[in-house]
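K.L.:
For reference, the file input.cif (mmCIF, C-alpha atoms) is included below:
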data_target
#
loop_
_atom_site.group_PDB
_atom_site.id
_atom_site.type_symbol
_atom_site.label_atom_id
_atom_site.label_comp_id
_atom_site.auth_asym_id
_atom_site.auth_seq_id
_atom_site.Cartn_x
_atom_site.Cartn_y
_atom_site.Cartn_z
ATOM 1 C CA SER A 1086 0.000 0.000 0.000
ATOM 2 C CA VAL A 1087 2.829 2.411 0.854
ATOM 3 C CA VAL A 1088 4.550 1.666 -2.451
ATOM 4 C CA GLU A 1089 1.390 2.259 -4.471
ATOM 5 C CA HIS A 1090 0.827 5.536 -2.616
ATOM 6 C CA ALA A 1091 4.393 6.671 -3.317
ATOM 7 C CA LEU A 1092 4.006 5.952 -7.029
ATOM 8 C CA ALA A 1093 0.640 7.720 -7.099
ATOM 9 C CA LEU A 1094 2.282 10.807 -5.585
ATOM 10 C CA ILE A 1095 5.129 10.667 -8.096
ATOM 11 C CA LEU A 1096 2.703 10.452 -11.013
ATOM 12 C CA ALA A 1097 0.429 13.172 -9.633
ATOM 13 C CA LEU A 1098 3.368 15.559 -9.222
ATOM 14 C CA PHE A 1099 5.100 14.759 -12.477
ATOM 15 C CA LYS A 1100 1.968 14.806 -14.611
ATOM 16 C CA GLN A 1101 0.688 17.903 -12.714
ATOM 17 C CA LEU A 1102 -2.699 16.262 -12.225
ATOM 18 C CA PHE A 1103 -3.858 18.595 -9.459
ATOM 19 C CA LEU A 1104 -3.000 21.698 -11.466
ATOM 20 C CA MET A 1105 -4.674 20.352 -14.588
ATOM 21 C CA ASP A 1106 -7.780 19.308 -12.649
ATOM 22 C CA SER A 1107 -8.054 22.779 -11.130
ATOM 23 C CA GLU A 1108 -7.620 24.533 -14.482
ATOM 24 C CA VAL A 1109 -9.964 22.257 -16.418
ATOM 25 C CA ARG A 1110 -12.662 22.883 -13.791
ATOM 26 C CA LYS A 1111 -12.281 26.592 -14.660
ATOM 27 C CA GLY A 1112 -12.776 25.780 -18.350
ATOM 28 C CA ASN A 1113 -9.091 26.166 -19.218
ATOM 29 C CA PHE A 1114 -8.439 23.328 -21.654
ATOM 30 C CA ALA A 1115 -5.445 25.263 -23.014
ATOM 31 C CA ILE A 1116 -3.518 24.145 -19.918
ATOM 32 C CA ARG A 1117 -2.562 21.039 -21.926
ATOM 33 C CA TYR A 1118 -0.357 23.188 -24.175
ATOM 34 C CA LYS A 1119 1.478 24.788 -21.258
ATOM 35 C CA ASN A 1120 2.049 21.718 -19.098
ATOM 36 C CA CYS A 1121 3.458 18.832 -21.070
ATOM 37 C CA PRO A 1122 5.779 16.837 -18.797
ATOM 38 C CA THR A 1123 7.995 14.240 -20.398
ATOM 39 C CA ASP A 1124 7.661 10.526 -19.731
ATOM 40 C CA LEU A 1125 8.806 8.800 -16.549
ATOM 41 C CA ARG A 1126 10.764 6.333 -18.675
ATOM 42 C CA ASP A 1127 14.514 6.840 -18.188
ATOM 43 C CA LYS A 1128 14.007 9.206 -15.240
ATOM 44 C CA THR A 1129 15.975 8.327 -12.112
ATOM 45 C CA LEU A 1130 14.260 7.452 -8.865
ATOM 46 C CA GLY A 1131 16.442 7.745 -5.774
ATOM 47 C CA ILE A 1132 15.252 5.562 -2.904
ATOM 48 C CA VAL A 1133 16.617 6.491 0.510
ATOM 49 C CA GLY A 1134 16.218 3.345 2.601
ATOM 50 C CA PHE A 1135 16.244 0.049 0.741
ATOM 51 C CA GLY A 1136 14.270 -2.198 3.038
ATOM 52 C CA GLU A 1137 11.106 -4.047 2.072
ATOM 53 C CA ILE A 1138 9.230 -0.885 1.013
ATOM 54 C CA GLY A 1139 12.233 0.500 -0.838
ATOM 55 C CA ARG A 1140 12.803 -2.725 -2.757
ATOM 56 C CA ALA A 1141 9.135 -3.028 -3.701
ATOM 57 C CA THR A 1142 9.171 0.603 -4.874
ATOM 58 C CA ALA A 1143 12.201 -0.152 -7.040
ATOM 59 C CA GLN A 1144 10.469 -3.145 -8.612
ATOM 60 C CA ARG A 1145 7.428 -1.129 -9.633
ATOM 61 C CA ALA A 1146 9.472 1.880 -10.768
ATOM 62 C CA ARG A 1147 11.538 -0.344 -13.040
ATOM 63 C CA ALA A 1148 8.313 -1.628 -14.584
ATOM 64 C CA LEU A 1149 7.703 2.001 -15.635
ATOM 65 C CA GLY A 1150 11.118 2.143 -17.263
ATOM 66 C CA MET A 1151 12.783 4.184 -14.516
ATOM 67 C CA ARG A 1152 16.395 3.927 -13.411
ATOM 68 C CA VAL A 1153 16.747 3.234 -9.677
ATOM 69 C CA VAL A 1154 19.510 4.392 -7.340
ATOM 70 C CA ALA A 1155 19.201 3.488 -3.654
ATOM 71 C CA THR A 1156 20.982 3.725 -0.318
ATOM 72 C CA ARG A 1157 20.979 0.942 2.238
ATOM 73 C CA ARG A 1158 22.244 1.186 5.813
ATOM 74 C CA THR A 1159 24.175 -2.076 5.567
ATOM 75 C CA CYS A 1160 25.790 -1.336 2.199
ATOM 76 C CA THR A 1161 29.511 -0.581 2.568
ATOM 77 C CA ALA A 1162 30.543 0.090 -1.049
ATOM 78 C CA PRO A 1163 28.737 1.008 -4.295
ATOM 79 C CA ARG A 1164 27.303 -2.030 -6.082
ATOM 80 C CA GLN A 1165 25.541 -2.493 -9.408
ATOM 81 C CA ASP A 1166 22.227 -4.335 -9.932
ATOM 82 C CA VAL A 1167 21.267 -5.288 -6.383
ATOM 83 C CA ASP A 1168 17.671 -6.259 -5.422
ATOM 84 C CA GLY A 1169 16.128 -4.163 -8.182
ATOM 85 C CA ALA A 1170 18.413 -1.128 -7.843
ATOM 86 C CA HIS A 1171 20.621 -0.306 -10.805
ATOM 87 C CA LEU A 1172 23.027 1.237 -8.301
ATOM 88 C CA LEU A 1173 23.112 0.601 -4.542
ATOM 89 C CA LEU A 1174 25.089 3.054 -2.401
ATOM 90 C CA PRO A 1175 26.200 3.295 1.235
ATOM 91 C CA PRO A 1176 24.458 5.971 3.366
ATOM 92 C CA ALA A 1177 27.604 8.124 3.203
ATOM 93 C CA HIS A 1178 26.960 8.513 -0.554
ATOM 94 C CA LEU A 1179 23.538 10.114 -0.031
ATOM 95 C CA HIS A 1180 24.520 13.310 -1.853
ATOM 96 C CA GLU A 1181 25.527 11.279 -4.904
ATOM 97 C CA LEU A 1182 22.033 9.751 -4.962
ATOM 98 C CA LEU A 1183 20.467 13.192 -4.571
ATOM 99 C CA ARG A 1184 22.511 14.670 -7.432
ATOM 100 C CA GLN A 1185 21.472 11.887 -9.813
ATOM 101 C CA SER A 1186 17.770 11.657 -8.961
ATOM 102 C CA ASP A 1187 14.741 13.181 -10.660
ATOM 103 C CA PHE A 1188 12.604 11.904 -7.762
ATOM 104 C CA VAL A 1189 13.754 11.157 -4.226
ATOM 105 C CA ALA A 1190 11.547 8.788 -2.214
ATOM 106 C CA LEU A 1191 12.206 8.618 1.527
ATOM 107 C CA CYS A 1192 11.640 5.076 2.810
ATOM 108 C CA VAL A 1193 13.669 5.100 6.035
ATOM 109 C CA PRO A 1194 12.365 4.612 9.587
ATOM 110 C CA LEU A 1195 12.762 7.486 12.041
ATOM 111 C CA THR A 1196 15.871 6.828 14.144
ATOM 112 C CA PRO A 1197 18.541 9.083 15.687
ATOM 113 C CA ASP A 1198 20.534 8.570 12.466
ATOM 114 C CA THR A 1199 17.689 9.554 10.126
ATOM 115 C CA GLU A 1200 16.147 12.482 12.032
ATOM 116 C CA ARG A 1201 16.510 15.545 9.782
ATOM 117 C CA LEU A 1202 18.435 13.422 7.325
ATOM 118 C CA ILE A 1203 17.215 15.736 4.566
ATOM 119 C CA GLY A 1204 18.269 19.268 5.432
ATOM 120 C CA GLU A 1205 19.482 22.383 3.655
ATOM 121 C CA ALA A 1206 22.663 20.785 2.275
ATOM 122 C CA GLU A 1207 20.780 17.738 0.977
ATOM 123 C CA LEU A 1208 18.080 19.824 -0.692
ATOM 124 C CA ARG A 1209 20.786 21.961 -2.266
ATOM 125 C CA ALA A 1210 22.364 18.768 -3.685
ATOM 126 C CA MET A 1211 19.152 17.893 -5.534
ATOM 127 C CA LYS A 1212 18.446 18.971 -9.103
ATOM 128 C CA PRO A 1213 16.255 22.096 -9.431
ATOM 129 C CA THR A 1214 13.922 19.904 -11.530
ATOM 130 C CA ALA A 1215 13.702 17.148 -8.894
ATOM 131 C CA TYR A 1216 10.826 16.203 -6.569
ATOM 132 C CA LEU A 1217 10.942 14.990 -2.967
ATOM 133 C CA ILE A 1218 8.476 12.277 -1.887
ATOM 134 C CA ASN A 1219 8.138 11.681 1.863
ATOM 135 C CA ILE A 1220 6.179 8.582 2.836
ATOM 136 C CA SER A 1221 8.382 7.751 5.846
ATOM 137 C CA ARG A 1222 8.191 10.118 8.857
ATOM 138 C CA GLY A 1223 7.937 13.883 8.988
ATOM 139 C CA ARG A 1224 11.011 14.400 11.158
ATOM 140 C CA VAL A 1225 13.240 12.741 8.563
ATOM 141 C CA VAL A 1226 13.039 16.112 6.756
ATOM 142 C CA ASP A 1227 13.983 19.531 8.108
ATOM 143 C CA GLU A 1228 10.635 21.151 7.305
ATOM 144 C CA ALA A 1229 11.947 24.724 7.519
ATOM 145 C CA ALA A 1230 14.720 23.914 5.045
ATOM 146 C CA LEU A 1231 12.200 22.202 2.757
ATOM 147 C CA LEU A 1232 9.900 25.223 2.863
ATOM 148 C CA SER A 1233 12.780 27.495 1.911
ATOM 149 C CA ALA A 1234 13.899 25.203 -0.933
ATOM 150 C CA LEU A 1235 10.361 25.051 -2.335
ATOM 151 C CA LYS A 1236 9.778 28.804 -2.104
ATOM 152 C CA GLU A 1237 13.103 29.556 -3.743
ATOM 153 C CA LYS A 1238 12.525 26.808 -6.360
ATOM 154 C CA LYS A 1239 15.742 25.019 -5.482
ATOM 155 C CA ILE A 1240 13.705 21.863 -6.125
ATOM 156 C CA ALA A 1241 10.666 21.499 -8.370
ATOM 157 C CA GLY A 1242 8.202 20.264 -5.774
ATOM 158 C CA ALA A 1243 7.306 17.834 -3.021
ATOM 159 C CA ALA A 1244 4.665 15.273 -2.126
ATOM 160 C CA LEU A 1245 4.189 14.950 1.628
ATOM 161 C CA ASP A 1246 2.272 12.211 3.409
ATOM 162 C CA VAL A 1247 3.903 12.972 6.768
ATOM 163 C CA PHE A 1248 4.883 16.101 8.691
ATOM 164 C CA GLU A 1249 6.943 17.223 11.680
ATOM 165 C CA VAL A 1250 3.663 18.081 13.453
ATOM 166 C CA GLU A 1251 0.516 16.171 12.498
ATOM 167 C CA PRO A 1252 -1.908 17.346 11.384
ATOM 168 C CA LEU A 1253 0.071 20.016 9.548
ATOM 169 C CA PRO A 1254 -0.757 23.274 11.399
ATOM 170 C CA PRO A 1255 -3.204 25.594 9.600
ATOM 171 C CA GLY A 1256 -0.646 28.405 9.696
ATOM 172 C CA SER A 1257 2.084 26.467 7.879
ATOM 173 C CA GLU A 1258 3.331 28.198 4.741
ATOM 174 C CA LEU A 1259 3.470 24.818 3.039
ATOM 175 C CA TRP A 1260 -0.297 25.117 2.483
ATOM 176 C CA THR A 1261 0.264 28.149 0.248
ATOM 177 C CA LEU A 1262 2.727 26.560 -2.169
ATOM 178 C CA PRO A 1263 1.469 25.387 -5.579
ATOM 179 C CA ASN A 1264 4.342 22.929 -6.018
ATOM 180 C CA VAL A 1265 3.359 20.748 -3.028
ATOM 181 C CA ILE A 1266 0.720 18.043 -2.766
ATOM 182 C CA PHE A 1267 -0.438 16.472 0.489
ATOM 183 C CA SER A 1268 -1.982 13.326 1.885
ATOM 184 C CA PRO A 1269 -2.918 12.757 5.556
ATOM 185 C CA HIS A 1270 -0.360 10.121 6.683
ATOM 186 C CA ALA A 1271 -2.407 7.644 4.689
ATOM 187 C CA ALA A 1272 0.227 5.807 2.618
ATOM 188 C CA GLY A 1273 -0.157 2.582 4.598
ATOM 189 C CA GLY A 1274 -3.936 2.559 4.481
ATOM 190 C CA SER A 1275 -5.671 -0.475 2.989
ATOM 191 C CA GLU A 1276 -8.887 -2.396 3.555
ATOM 192 C CA ARG A 1277 -6.609 -5.444 3.880
ATOM 193 C CA TYR A 1278 -4.448 -3.887 6.619
ATOM 194 C CA GLY A 1279 -6.222 -5.707 9.474
ATOM 195 C CA ASP A 1280 -5.833 -9.100 7.769
ATOM 196 C CA ARG A 1281 -2.154 -8.489 7.045
ATOM 197 C CA ALA A 1282 -1.443 -7.299 10.584
ATOM 198 C CA THR A 1283 -3.236 -10.339 12.032
ATOM 199 C CA ASP A 1284 -1.242 -12.686 9.789
ATOM 200 C CA ALA A 1285 2.018 -11.019 10.803
ATOM 201 C CA PHE A 1286 1.082 -11.245 14.506
#
Do you think you could lay out the structure here as structure tokens?
P.N.:
Amino acid sequence: SVVEHALALILALFKQLFLMDSEVRKGNFAIRYKNCPTDLRDKTLGIVGFGEIGRATAQRARALGMRVVATRRTCTAPRQDVDGAHLLLPPAHLHELLRQSDFVALCVPLTPDTERLIGEAELRAMKPTAYLINISRGRVVDEAALLSALKEKKIAGAALDVFEVEPLPPGSELWTLPNVIFSPHAAGGSERYGDRATDAF
């Protein structure tokens, strides 16, 4: 469920579905001439955290023709073609992943090592055309640094399922930004969740 949600956010951002929906509702069909994103094929997805969710995300992204670069906590040296990643990197090579990626999906748990893992320096390492997808935990990202990067268009946009404070406070400037889409910490939601949890227990 988390993987499907992450891919839905990537597609919604990249294809500008929310913007097009809003404009078409106003009768502006000409929006199709102004917003023509290229295909996902051959774009690079960076996956930060290559556990079960990260690996499943890689599998589905590759089915769309994407290149996958990932970091894994236990990886000690760069490796090619590992568990669905074209390139697997150690955590110390995070900035290399960020520089290469058109989309960065955060799939790490919140730990002392990952709190504010994505800060000003990391956002600066990303391409100005890249998107950040957070389906992990809000405190993995320095929200103030993200706000600044989005306002100054240091990155193209973000899709946020999680926040430092939940619900996101009404006064947050993130609400005002057109290059951000939100969901309410719902990535793991599924009508089958209870069955899966019971089986795991």
K.L.:
Hey, can you check how far CA of Tyr1216 (chain A) sits from CA of Tyr1278 (chain A)?
P.N.:
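We find that CA of Tyr1216 (chain A) and CA of Tyr1278 (chain A) lie 28.5 Å from each other.
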K.L.:
So the first atom is CA of Pro1254 (chain A) and the second is CA of Val1226 (chain A); what is the distance between them in Å, to one decimal place?
P.N.:
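Taking CA of Pro1254 (chain A) as the start and CA of Val1226 (chain A) as the end point, the length is 16.2 Å.
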K.L.:
For a quick check of understanding, using only C-alpha atoms, which of A:Ala1210, A:Leu1174, A:Ile1218, A:Ala1244 has the smallest distance to Ala1162 (chain A)?
P.N.:
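Once distances to Ala1162 (chain A) are computed over only C-alpha atoms, the minimum belongs to A:Leu1174.
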K.L.:
With distances taken over all atoms listed in the file, which residue among A:Phe1188, A:Tyr1118, A:Trp1260, A:Phe1286 lies nearest Gly1242 (chain A)?
P.N.:
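So, comparing all the options, the nearest one is A:Phe1188.
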K.L.:
Excluding region 1249-1251 of chain A and residues on its chain fewer than 6 positions from it, collect all residues at most 10 Å away from it, counting all atoms listed in the file, and give them as a ChimeraX atom specification.
P.N.:
/A:1201,1222-1229,1269-1270
K.L.:
CA of Leu1232 (chain A) and CA of Lys1119 (chain A), how far apart in Å?
P.N.:
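Value for the CA of Lys1119 (chain A)-CA of Leu1232 (chain A) distance: 25.6 Å.
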K.L.:
Convert the output of the PyMOL selection byres ((chain A and resi 1130-1140) around 9) on the shown file into explicit residues, formatted as a ChimeraX atom specification.
P.N.:
/A:1087-1088,1128-1129,1141-1146,1151-1158,1168-1170,1173,1176,1179,1182-1183,1185-1194
K.L.:
Which neighbours of Glu1205 (chain A) fall inside 8 Å, counting all atoms listed in the file, when residues of the same chain fewer than 5 positions from it are skipped, and could you give them as a list of chain:residue names?
P.N.:
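In the requested form, the answer reads A:Asp1227, A:Ala1230, A:Leu1231, A:Ala1234.
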K.L.:
Give me a file of those residues, with C-alpha atoms, as a short mmCIF file (atom, residue, chain, number, x, y, z; two decimals), keeping the file's coordinate frame.
P.N.:
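Result file follows (out.cif):
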data_model
loop_
_atom_site.label_atom_id
_atom_site.label_comp_id
_atom_site.auth_asym_id
_atom_site.auth_seq_id
_atom_site.Cartn_x
_atom_site.Cartn_y
_atom_site.Cartn_z
CA ASP A 1227 13.98 19.53 8.11
CA ALA A 1230 14.72 23.91 5.04
CA LEU A 1231 12.20 22.20 2.76
CA ALA A 1234 13.90 25.20 -0.93
#
K.L.:
Near Leu1094 (chain A), counting only C-alpha atoms, which residues have an atom at most 10 Å away, once you skip same-chain residues fewer than 3 positions from it, shown as a ChimeraX atom specification?
P.N.:
/A:1088-1091,1097-1100,1102,1217-1220,1243-1246,1266-1268,1272
K.L.:
Applying 10 Å and all atoms listed in the file, which residues near Pro1213 (chain A) remain after dropping the ones on its own chain fewer than 6 positions away? List them as a compact mmCIF listing (two decimals) with C-alpha atoms, keeping the file's coordinate frame.
P.N.:
# COMPACT_ATOMS: atom_id res chain seq x y z
CA ARG A 1184 22.51 14.67 -7.43
CA ASP A 1187 14.74 13.18 -10.66
CA ALA A 1234 13.90 25.20 -0.93
CA LEU A 1235 10.36 25.05 -2.34
CA GLU A 1237 13.10 29.56 -3.74
CA LYS A 1238 12.52 26.81 -6.36
CA LYS A 1239 15.74 25.02 -5.48
CA ILE A 1240 13.70 21.86 -6.12
CA ALA A 1241 10.67 21.50 -8.37
CA GLY A 1242 8.20 20.26 -5.77
K.L.:
Quick one: 4 Å padding each side, axis-aligned, all listed atoms of region 1227-1233 of chain A - centre and edge lengths in Å to one decimal, as lines of an AutoDock Vina configuration file?
P.N.:
center_x = 12.3
center_y = 23.5
center_z = 5.0
size_x = 12.8
size_y = 16.0
size_z = 14.2
K.L.:
Using the atoms already present, construct N, CA, C and O atoms for region 1152-1165 of chain A and hand them back as a tab-separated table (two decimals), in the frame of the given file.
P.N.:
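Full text of out-v4.tsv as output:
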chain	number	residue	atom	x	y	z
A	1152	ARG	N	15.12	4.37	-13.97
A	1152	ARG	CA	16.40	3.93	-13.41
A	1152	ARG	C	16.31	4.12	-11.90
A	1152	ARG	O	15.75	5.12	-11.44
A	1153	VAL	N	16.86	3.18	-11.13
A	1153	VAL	CA	16.75	3.23	-9.68
A	1153	VAL	C	18.13	3.28	-9.04
A	1153	VAL	O	18.99	2.45	-9.33
A	1154	VAL	N	18.32	4.28	-8.18
A	1154	VAL	CA	19.51	4.39	-7.34
A	1154	VAL	C	19.02	4.36	-5.90
A	1154	VAL	O	18.01	5.01	-5.57
A	1155	ALA	N	19.69	3.62	-5.03
A	1155	ALA	CA	19.20	3.49	-3.65
A	1155	ALA	C	20.36	3.52	-2.67
A	1155	ALA	O	21.51	3.25	-3.02
A	1156	THR	N	20.03	3.87	-1.42
A	1156	THR	CA	20.98	3.72	-0.32
A	1156	THR	C	20.43	2.70	0.66
A	1156	THR	O	19.22	2.63	0.88
A	1157	ARG	N	21.35	1.94	1.23
A	1157	ARG	CA	20.98	0.94	2.24
A	1157	ARG	C	21.96	1.05	3.40
A	1157	ARG	O	23.18	1.15	3.19
A	1158	ARG	N	21.43	1.01	4.60
A	1158	ARG	CA	22.24	1.19	5.81
A	1158	ARG	C	23.40	0.20	5.89
A	1158	ARG	O	24.49	0.53	6.34
A	1159	THR	N	23.16	-1.03	5.44
A	1159	THR	CA	24.18	-2.08	5.57
A	1159	THR	C	25.12	-2.16	4.37
A	1159	THR	O	26.04	-2.99	4.37
A	1160	CYS	N	24.92	-1.33	3.37
A	1160	CYS	CA	25.79	-1.34	2.20
A	1160	CYS	C	27.09	-0.60	2.55
A	1160	CYS	O	27.07	0.49	3.12
A	1161	THR	N	28.22	-1.17	2.21
A	1161	THR	CA	29.51	-0.58	2.57
A	1161	THR	C	30.29	-0.04	1.37
A	1161	THR	O	31.26	0.70	1.54
A	1162	ALA	N	29.87	-0.40	0.16
A	1162	ALA	CA	30.54	0.09	-1.05
A	1162	ALA	C	29.53	0.08	-2.19
A	1162	ALA	O	28.60	-0.72	-2.20
A	1163	PRO	N	29.68	0.98	-3.16
A	1163	PRO	CA	28.74	1.01	-4.30
A	1163	PRO	C	28.70	-0.33	-5.02
A	1163	PRO	O	29.74	-0.96	-5.25
A	1164	ARG	N	27.49	-0.75	-5.38
A	1164	ARG	CA	27.30	-2.03	-6.08
A	1164	ARG	C	26.27	-1.84	-7.19
A	1164	ARG	O	25.31	-1.08	-7.04
A	1165	GLN	N	26.45	-2.56	-8.27
A	1165	GLN	CA	25.54	-2.49	-9.41
A	1165	GLN	C	24.52	-3.62	-9.33
A	1165	GLN	O	24.84	-4.74	-8.91
